[in-house]
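J.: Quick one: this structure, given as structure tokens, is what I'll be asking you about.
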Amino acid sequence: MPATPLAPDAAALPASDETPGILPDAAAEAIEGHGPHSVLDDDSPRQPGSPGEIFRVFTRLALKGFGGVLPIVQHELVERERWLTREQFLELLAVAQVLPGPNVVNLSLMFGDRAFGWRGGLAALGGMLLAPLGVVLALAVAYAHYAQHPVVAGVLRGMGAVAAGLIMATGIKLLPALRRNVLGPVPAFGFVALMFACIALLRVPLAWMLGGLGAIAFTLAWRRLKP
Amino acid sequence: MTPAVVSSPAGSDWSGVFAQFLLLSLLSIGGAISTVPEMHRYLVDQHHWLSNEQFSAMVAIAQAAPGPNLLFVAVLGWGIGGAFGMLVTMLGILLPSTTLTLAAARWGEARRHTRGVQAFVTGLAPLTVGLVLSSGYLLGKPAYGDPWLLAAMVVTVVVCVRWKISPLWLIAAGGLVGGLLT
């Protein structure tokens, strides 16, 4: 499991071990990539100078993040800028994963907020989103313009099939982590199957599923976590 | 600059779109990708504002570009209503979760270890995985009628599960396969 390199940190961060649902892969990659060799743990991190500096750094790292920004965020904030220690980064990530919303966006927001209040949060969020938004929209406009062109349509169909496969693979890689789920492996995999059948095949609205199956799963987990 | 549309939302539909994305923001535990099935149900199956092909292509465009994968929401918004549509979907998906995140960050993370939060996180983990798998299945829909595209999807899954490789290369390879097929 990609989660094993996390072990030393898991002691300091119990929640990280219990949150397999949310891309442990990306997190592990972020840490595996640079973490174990890092000698920065003892350094006290530096502080960003201004919201403007946060905006610039987040713009830079967002534009570098092809196919996943999280490893770049870790590298830039912990190793390059030294604004966070590795432990602080993991702590922020764990909180970001618990909350609704994209993890990397939540993390940026919390980082900026800690440094300069809501202005910092906004600077980090804007840096993370604005420049990539421009790139994506340029592509979308080009797509709208050339969508009728058979080769363009073919290229996009191929890219779409791969994008679907990438997401499928992410889901498959998350499955082994569920063996350690507090619900127990059989109920946990049962929930996965039920969710897939209802959402992907029967097209049941998500809110119903979270209200129904989600409530059952929460209650089961609550009972098993009895202190 | 005409966005690719099957049929566009009418004026009164936009409040519904906004409400839908506000709700999705709160339901997006585990990242934006877990809301793909619900967006697909709403935009493709229920309202026919986008076709299966358009929906998958738009997510693929966002995945091939740099930045957080959340940006597929902007592309979908652009697809159904240009700049205004993008504003509606992006504000909808961002407002609730960012407000909640800021509030929670200040409220302190002390409660992260409480039984309630732990039960929430571990209990919902299997549902999140089910949602991610559903996203993959639904985005693959345009590929199921074509053996070559289906093969590209299956190969991607196998390669991705076995090896660490940048998604960008796979997406480029997929584009090449799709282009050569035409």
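Ordering of the structure tokens sets the chain letters (A, B, ...), residue numbers begin anew at 1 in every chain, and ligands are numbered from 1 in the order given.
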Identify, on the basis of only C-alpha atoms, every residue whose closest approach to B:Ser56 does not exceed 12 Å; exclude the query and any residue fewer than 6 positions from it along the same chain; express the result as a PyMOL selection string.
T.: (chain A and resi 153+156-165+167) or (chain B and resi 36-37+39-40+43-44+50+62-63+72+75-76+79+135-143)
J.: Show me, as a list in words, the residues that have an atom within 10 Å of B:Thr101 when counting only C-alpha atoms, minus same-chain residues fewer than 6 positions from it.
T.: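 Within the cut-off, the hits are Val95, Ala96, Val98, Leu99, Pro100, Gly101, Val105, Asn106, Leu107, Leu109 and Met110 of chain A; Leu95 and Trp107 of chain B.
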J.: Please determine, counting only C-alpha atoms, which residue among B:Val129, B:Ala10, B:Val177, B:Ile171 has the shortest atom-to-atom distance to B:Thr35.
T.: B:Val129
J.: Near A:Gly134, within 12 Å and counting only C-alpha atoms, which residues show up once chain neighbours fewer than 4 positions away are dropped, as a ChimeraX atom specification?
T.: /A:59,62-63,126-130,138-141 /B:62,65-67,71,74-75,83,86
J.: Would you list the contacts of B:Gly116 as a list in words, taking every protein, DNA or RNA residue within 10 Å and counting only C-alpha atoms, but skipping same-chain residues closer than 6 positions in sequence?
T.: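 Returned residues: Phe218, Thr219, Ala221, Trp222 and Leu225 of chain A.
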J.: In Å to one decimal, how far is atom CA of B:Leu131 from atom CA of A:Arg224?
T.: 23.5 Å
J.: Mind giving me the straight-line distance from atom CA of A:Ala123 to atom CA of B:Gly31 in Å, one decimal?
T.: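 According to the coordinates, atom CA of A:Ala123 and atom CA of B:Gly31 are separated by 21.0 Å.
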J.: How many Å lie between atom CA of A:Ser108 and atom CA of A:Glu81, rounded to one decimal?
T.: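 Straight-line distance from atom CA of A:Ser108 to atom CA of A:Glu81 works out to 14.3 Å.
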J.: Would you mind telling me which residue in B:Thr182, B:Ile93, B:Thr156, B:Leu26 lies nearest to B:Trp169 when using only C-alpha atoms?
T.: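 Answer, going by the shortest atom-to-atom distance: B:Thr156.
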J.: Have a look at A:Val57, A:Ala169, A:Leu90, A:Ala142 and name the one nearest to chain B; count only C-alpha atoms.
T.: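 Going through A:Val57, A:Ala169, A:Leu90, A:Ala142 one by one, the smallest distance to chain B is for A:Ala169.
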J.: Would you kindly return, as a PDB file with N, CA and C atoms, in the first residue's frame, each protein, DNA or RNA residue with an atom no farther than 10 Å from any atom of B:Leu102, considering only C-alpha atoms and excluding same-chain residues fewer than 3 positions away?
T.:
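Here's the written file selection01.pdb:
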ATOM      1  N   ASN A 106      -8.985  23.515  -0.524  1.00  0.00           N
ATOM      2  CA  ASN A 106      -9.147  23.702   0.920  1.00  0.00           C
ATOM      3  C   ASN A 106      -7.813  23.985   1.598  1.00  0.00           C
ATOM      4  N   LEU A 109      -6.558  27.471   0.886  1.00  0.00           N
ATOM      5  CA  LEU A 109      -7.375  28.430   1.622  1.00  0.00           C
ATOM      6  C   LEU A 109      -6.946  28.506   3.092  1.00  0.00           C
ATOM      7  N   MET A 110      -6.759  27.350   3.702  1.00  0.00           N
ATOM      8  CA  MET A 110      -6.389  27.327   5.120  1.00  0.00           C
ATOM      9  C   MET A 110      -4.988  27.891   5.326  1.00  0.00           C
ATOM     10  N   ASP A 113      -5.194  31.644   4.985  1.00  0.00           N
ATOM     11  CA  ASP A 113      -5.948  32.191   6.106  1.00  0.00           C
ATOM     12  C   ASP A 113      -5.091  32.258   7.369  1.00  0.00           C
ATOM     13  N   ARG A 114      -4.251  31.237   7.555  1.00  0.00           N
ATOM     14  CA  ARG A 114      -3.375  31.229   8.727  1.00  0.00           C
ATOM     15  C   ARG A 114      -2.367  32.374   8.668  1.00  0.00           C
ATOM     16  N   GLY A 117      -5.131  35.946   7.362  1.00  0.00           N
ATOM     17  CA  GLY A 117      -6.581  36.024   7.472  1.00  0.00           C
ATOM     18  C   GLY A 117      -7.261  35.806   6.130  1.00  0.00           C
ATOM     19  N   TRP A 118      -8.459  36.338   5.983  1.00  0.00           N
ATOM     20  CA  TRP A 118      -9.221  36.047   4.762  1.00  0.00           C
ATOM     21  C   TRP A 118      -8.543  36.590   3.507  1.00  0.00           C
ATOM     22  N   GLY A 121      -6.222  33.957   2.472  1.00  0.00           N
ATOM     23  CA  GLY A 121      -6.980  32.828   1.938  1.00  0.00           C
ATOM     24  C   GLY A 121      -7.407  33.090   0.508  1.00  0.00           C
TER      25      GLY A 121
ATOM     26  N   SER B  97     -18.188  25.260   0.136  1.00  0.00           N
ATOM     27  CA  SER B  97     -17.050  24.523   0.687  1.00  0.00           C
ATOM     28  C   SER B  97     -15.975  25.469   1.218  1.00  0.00           C
ATOM     29  N   THR B  98     -15.751  26.612   0.544  1.00  0.00           N
ATOM     30  CA  THR B  98     -14.719  27.518   1.053  1.00  0.00           C
ATOM     31  C   THR B  98     -15.177  28.188   2.354  1.00  0.00           C
ATOM     32  N   THR B  99     -16.451  28.550   2.423  1.00  0.00           N
ATOM     33  CA  THR B  99     -16.967  29.145   3.660  1.00  0.00           C
ATOM     34  C   THR B  99     -16.811  28.166   4.816  1.00  0.00           C
ATOM     35  N   ALA B 105     -11.520  25.800   9.830  1.00  0.00           N
ATOM     36  CA  ALA B 105     -10.111  26.007  10.128  1.00  0.00           C
ATOM     37  C   ALA B 105      -9.970  26.889  11.369  1.00  0.00           C
ATOM     38  N   ARG B 106     -10.866  27.860  11.492  1.00  0.00           N
ATOM     39  CA  ARG B 106     -10.779  28.758  12.641  1.00  0.00           C
ATOM     40  C   ARG B 106     -11.367  28.119  13.886  1.00  0.00           C
ATOM     41  N   TRP B 107     -12.369  27.281  13.683  1.00  0.00           N
ATOM     42  CA  TRP B 107     -13.027  26.581  14.786  1.00  0.00           C
ATOM     43  C   TRP B 107     -12.010  25.683  15.485  1.00  0.00           C
TER      44      TRP B 107
END
J.: Which residue out of A:Leu178, A:Cys198, A:Ile72, A:Leu166 has the minimum interatomic distance to B:Pro167 when only C-alpha atoms are used?
T.: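 Checking each of A:Leu178, A:Cys198, A:Ile72, A:Leu166 against B:Pro167, counting only C-alpha atoms, the winner is A:Leu166.
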J.: So which residues touch A:Ile54 within 8 Å, counting only C-alpha atoms, skipping near sequence neighbours fewer than 5 positions away, as a short mmCIF file (atom, residue, chain, number, x, y, z; two decimals) with N, CA and C atoms, in the first residue's frame?
T.:
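As written to disk, out-v3.cif reads:
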data_model
loop_
_atom_site.label_atom_id
_atom_site.label_comp_id
_atom_site.auth_asym_id
_atom_site.auth_seq_id
_atom_site.Cartn_x
_atom_site.Cartn_y
_atom_site.Cartn_z
N PRO A 48 5.49 33.80 4.64
CA PRO A 48 5.27 34.57 3.42
C PRO A 48 5.21 36.05 3.76
N GLY A 49 5.76 36.88 2.86
CA GLY A 49 5.85 38.31 3.15
C GLY A 49 4.55 39.06 3.06
N GLY A 112 -3.42 30.18 3.44
CA GLY A 112 -3.48 31.63 3.29
C GLY A 112 -4.16 32.29 4.48
N GLY A 120 -5.36 36.57 2.91
CA GLY A 120 -4.39 35.54 2.52
C GLY A 120 -5.08 34.34 1.89
N ALA A 123 -6.01 35.22 -1.55
CA ALA A 123 -4.82 35.28 -2.41
C ALA A 123 -4.40 33.87 -2.83
N ALA A 124 -4.39 32.93 -1.87
CA ALA A 124 -3.99 31.55 -2.19
C ALA A 124 -4.99 30.92 -3.15
N GLY A 127 -4.65 32.53 -6.60
CA GLY A 127 -3.44 32.05 -7.26
C GLY A 127 -3.62 30.64 -7.79
#
J.: Would you please give, as number ranges by chain, all residues of chain B that DSSP assigns to alpha helix (DSSP H) based on the backbone?
T.: B: 13-27, 36-40, 52-64, 72-107, 115-139, 147-162, 167-181
J.: I need the chosen residues saved as a compact mmCIF listing (two decimals), in the first residue's frame, with C-alpha atoms.
T.:
# COMPACT_ATOMS: atom_id res chain seq x y z
CA ASP B 13 -33.11 27.39 -15.19
CA TRP B 14 -30.00 29.18 -13.98
CA SER B 15 -31.18 29.50 -10.37
CA GLY B 16 -31.71 25.74 -10.47
CA VAL B 17 -28.19 25.20 -11.84
CA PHE B 18 -26.78 27.45 -9.12
CA ALA B 19 -28.71 25.63 -6.38
CA GLN B 20 -27.57 22.27 -7.77
CA PHE B 21 -23.89 23.26 -7.66
CA LEU B 22 -24.23 24.80 -4.18
CA LEU B 23 -25.59 21.45 -3.00
CA LEU B 24 -22.86 19.52 -4.83
CA SER B 25 -20.23 21.63 -3.11
CA LEU B 26 -21.43 20.42 0.27
CA LEU B 27 -21.62 16.83 -0.96
CA VAL B 36 -19.03 13.83 -11.47
CA PRO B 37 -21.86 11.24 -11.36
CA GLU B 38 -24.32 13.78 -9.99
CA MET B 39 -23.27 16.47 -12.50
CA HIS B 40 -23.62 13.91 -15.28
CA ASN B 52 -22.28 12.03 -23.17
CA GLU B 53 -19.47 12.84 -25.62
CA GLN B 54 -19.37 16.53 -24.73
CA PHE B 55 -19.40 15.81 -21.01
CA SER B 56 -16.50 13.35 -21.25
CA ALA B 57 -14.52 15.61 -23.59
CA MET B 58 -14.90 18.58 -21.22
CA VAL B 59 -13.63 16.62 -18.24
CA ALA B 60 -10.75 15.35 -20.38
CA ILE B 61 -9.83 18.93 -21.38
CA ALA B 62 -9.66 19.96 -17.74
CA GLN B 63 -7.57 16.92 -16.87
CA ALA B 64 -5.09 17.61 -19.63
CA PHE B 72 -13.68 20.74 -15.05
CA VAL B 73 -16.59 22.46 -13.31
CA ALA B 74 -15.63 25.71 -15.04
CA VAL B 75 -15.46 23.96 -18.42
CA LEU B 76 -18.89 22.37 -17.91
CA GLY B 77 -20.30 25.79 -16.95
CA TRP B 78 -18.72 27.32 -20.03
CA GLY B 79 -20.17 24.50 -22.10
CA ILE B 80 -23.77 25.09 -21.05
CA GLY B 81 -23.71 28.90 -20.95
CA GLY B 82 -20.43 30.61 -21.81
CA ALA B 83 -18.81 33.00 -19.32
CA PHE B 84 -22.04 33.41 -17.35
CA GLY B 85 -22.49 29.66 -17.05
CA MET B 86 -18.92 29.34 -15.82
CA LEU B 87 -19.49 31.99 -13.17
CA VAL B 88 -22.66 30.23 -11.97
CA THR B 89 -21.10 26.75 -11.69
CA MET B 90 -17.80 27.93 -10.20
CA LEU B 91 -19.38 30.19 -7.59
CA GLY B 92 -21.85 27.43 -6.76
CA ILE B 93 -19.17 24.77 -6.30
CA LEU B 94 -16.80 27.07 -4.37
CA LEU B 95 -18.93 29.20 -2.04
CA PRO B 96 -20.24 26.57 0.42
CA SER B 97 -17.05 24.52 0.69
CA THR B 98 -14.72 27.52 1.05
CA THR B 99 -16.97 29.15 3.66
CA LEU B 100 -17.14 25.90 5.57
CA THR B 101 -13.39 25.37 5.29
CA LEU B 102 -12.58 28.83 6.61
CA ALA B 103 -15.04 28.42 9.47
CA ALA B 104 -13.76 24.96 10.32
CA ALA B 105 -10.11 26.01 10.13
CA ARG B 106 -10.78 28.76 12.64
CA TRP B 107 -13.03 26.58 14.79
CA ARG B 115 -15.71 10.09 17.68
CA GLY B 116 -18.24 11.94 15.53
CA VAL B 117 -15.70 13.24 13.03
CA GLN B 118 -13.90 9.89 12.94
CA ALA B 119 -17.17 8.03 12.32
CA PHE B 120 -18.00 10.51 9.56
CA VAL B 121 -14.65 10.14 7.81
CA THR B 122 -14.31 6.35 8.08
CA GLY B 123 -18.00 5.68 7.46
CA LEU B 124 -18.08 7.75 4.29
CA ALA B 125 -14.78 6.40 2.90
CA PRO B 126 -16.39 3.39 1.12
CA LEU B 127 -19.11 5.64 -0.34
CA THR B 128 -16.41 7.97 -1.68
CA VAL B 129 -14.65 5.07 -3.37
CA GLY B 130 -17.97 3.99 -4.87
CA LEU B 131 -18.43 7.52 -6.20
CA VAL B 132 -14.97 7.64 -7.76
CA LEU B 133 -15.60 4.30 -9.51
CA SER B 134 -18.99 5.59 -10.70
CA SER B 135 -17.30 8.70 -12.13
CA GLY B 136 -14.91 6.52 -14.12
CA TYR B 137 -17.74 4.32 -15.38
CA LEU B 138 -19.93 7.25 -16.48
CA LEU B 139 -17.10 9.16 -18.15
CA PRO B 147 -13.55 -1.58 -29.07
CA TRP B 148 -10.44 0.61 -29.59
CA LEU B 149 -11.55 3.29 -27.16
CA LEU B 150 -12.62 0.65 -24.67
CA ALA B 151 -9.17 -0.91 -25.03
CA ALA B 152 -7.55 2.50 -24.41
CA MET B 153 -9.59 2.84 -21.23
CA VAL B 154 -8.76 -0.67 -19.97
CA VAL B 155 -5.05 -0.26 -20.76
CA THR B 156 -5.07 3.04 -18.86
CA VAL B 157 -6.59 1.38 -15.81
CA VAL B 158 -4.04 -1.47 -15.87
CA VAL B 159 -1.03 0.79 -16.47
CA CYS B 160 -2.14 3.24 -13.82
CA VAL B 161 -2.78 0.62 -11.16
CA ARG B 162 0.57 -1.10 -11.80
CA PRO B 167 -1.40 11.07 -16.36
CA LEU B 168 -0.37 13.59 -18.99
CA TRP B 169 1.46 10.95 -21.06
CA LEU B 170 -1.53 8.63 -20.95
CA ILE B 171 -3.93 11.38 -21.98
CA ALA B 172 -1.60 12.33 -24.85
CA ALA B 173 -1.46 8.67 -25.93
CA GLY B 174 -5.25 8.48 -25.75
CA GLY B 175 -5.54 11.57 -27.95
CA LEU B 176 -3.18 9.99 -30.46
CA VAL B 177 -5.19 6.74 -30.56
CA GLY B 178 -8.45 8.68 -30.92
CA GLY B 179 -7.00 10.87 -33.67
CA LEU B 180 -5.63 7.92 -35.65
CA LEU B 181 -8.98 6.13 -35.50
J.: Pick from A:Arg223, A:Arg203, A:His75, A:Arg119: nearest to A:Ser50, with only C-alpha atoms counted?
T.: A:Arg119
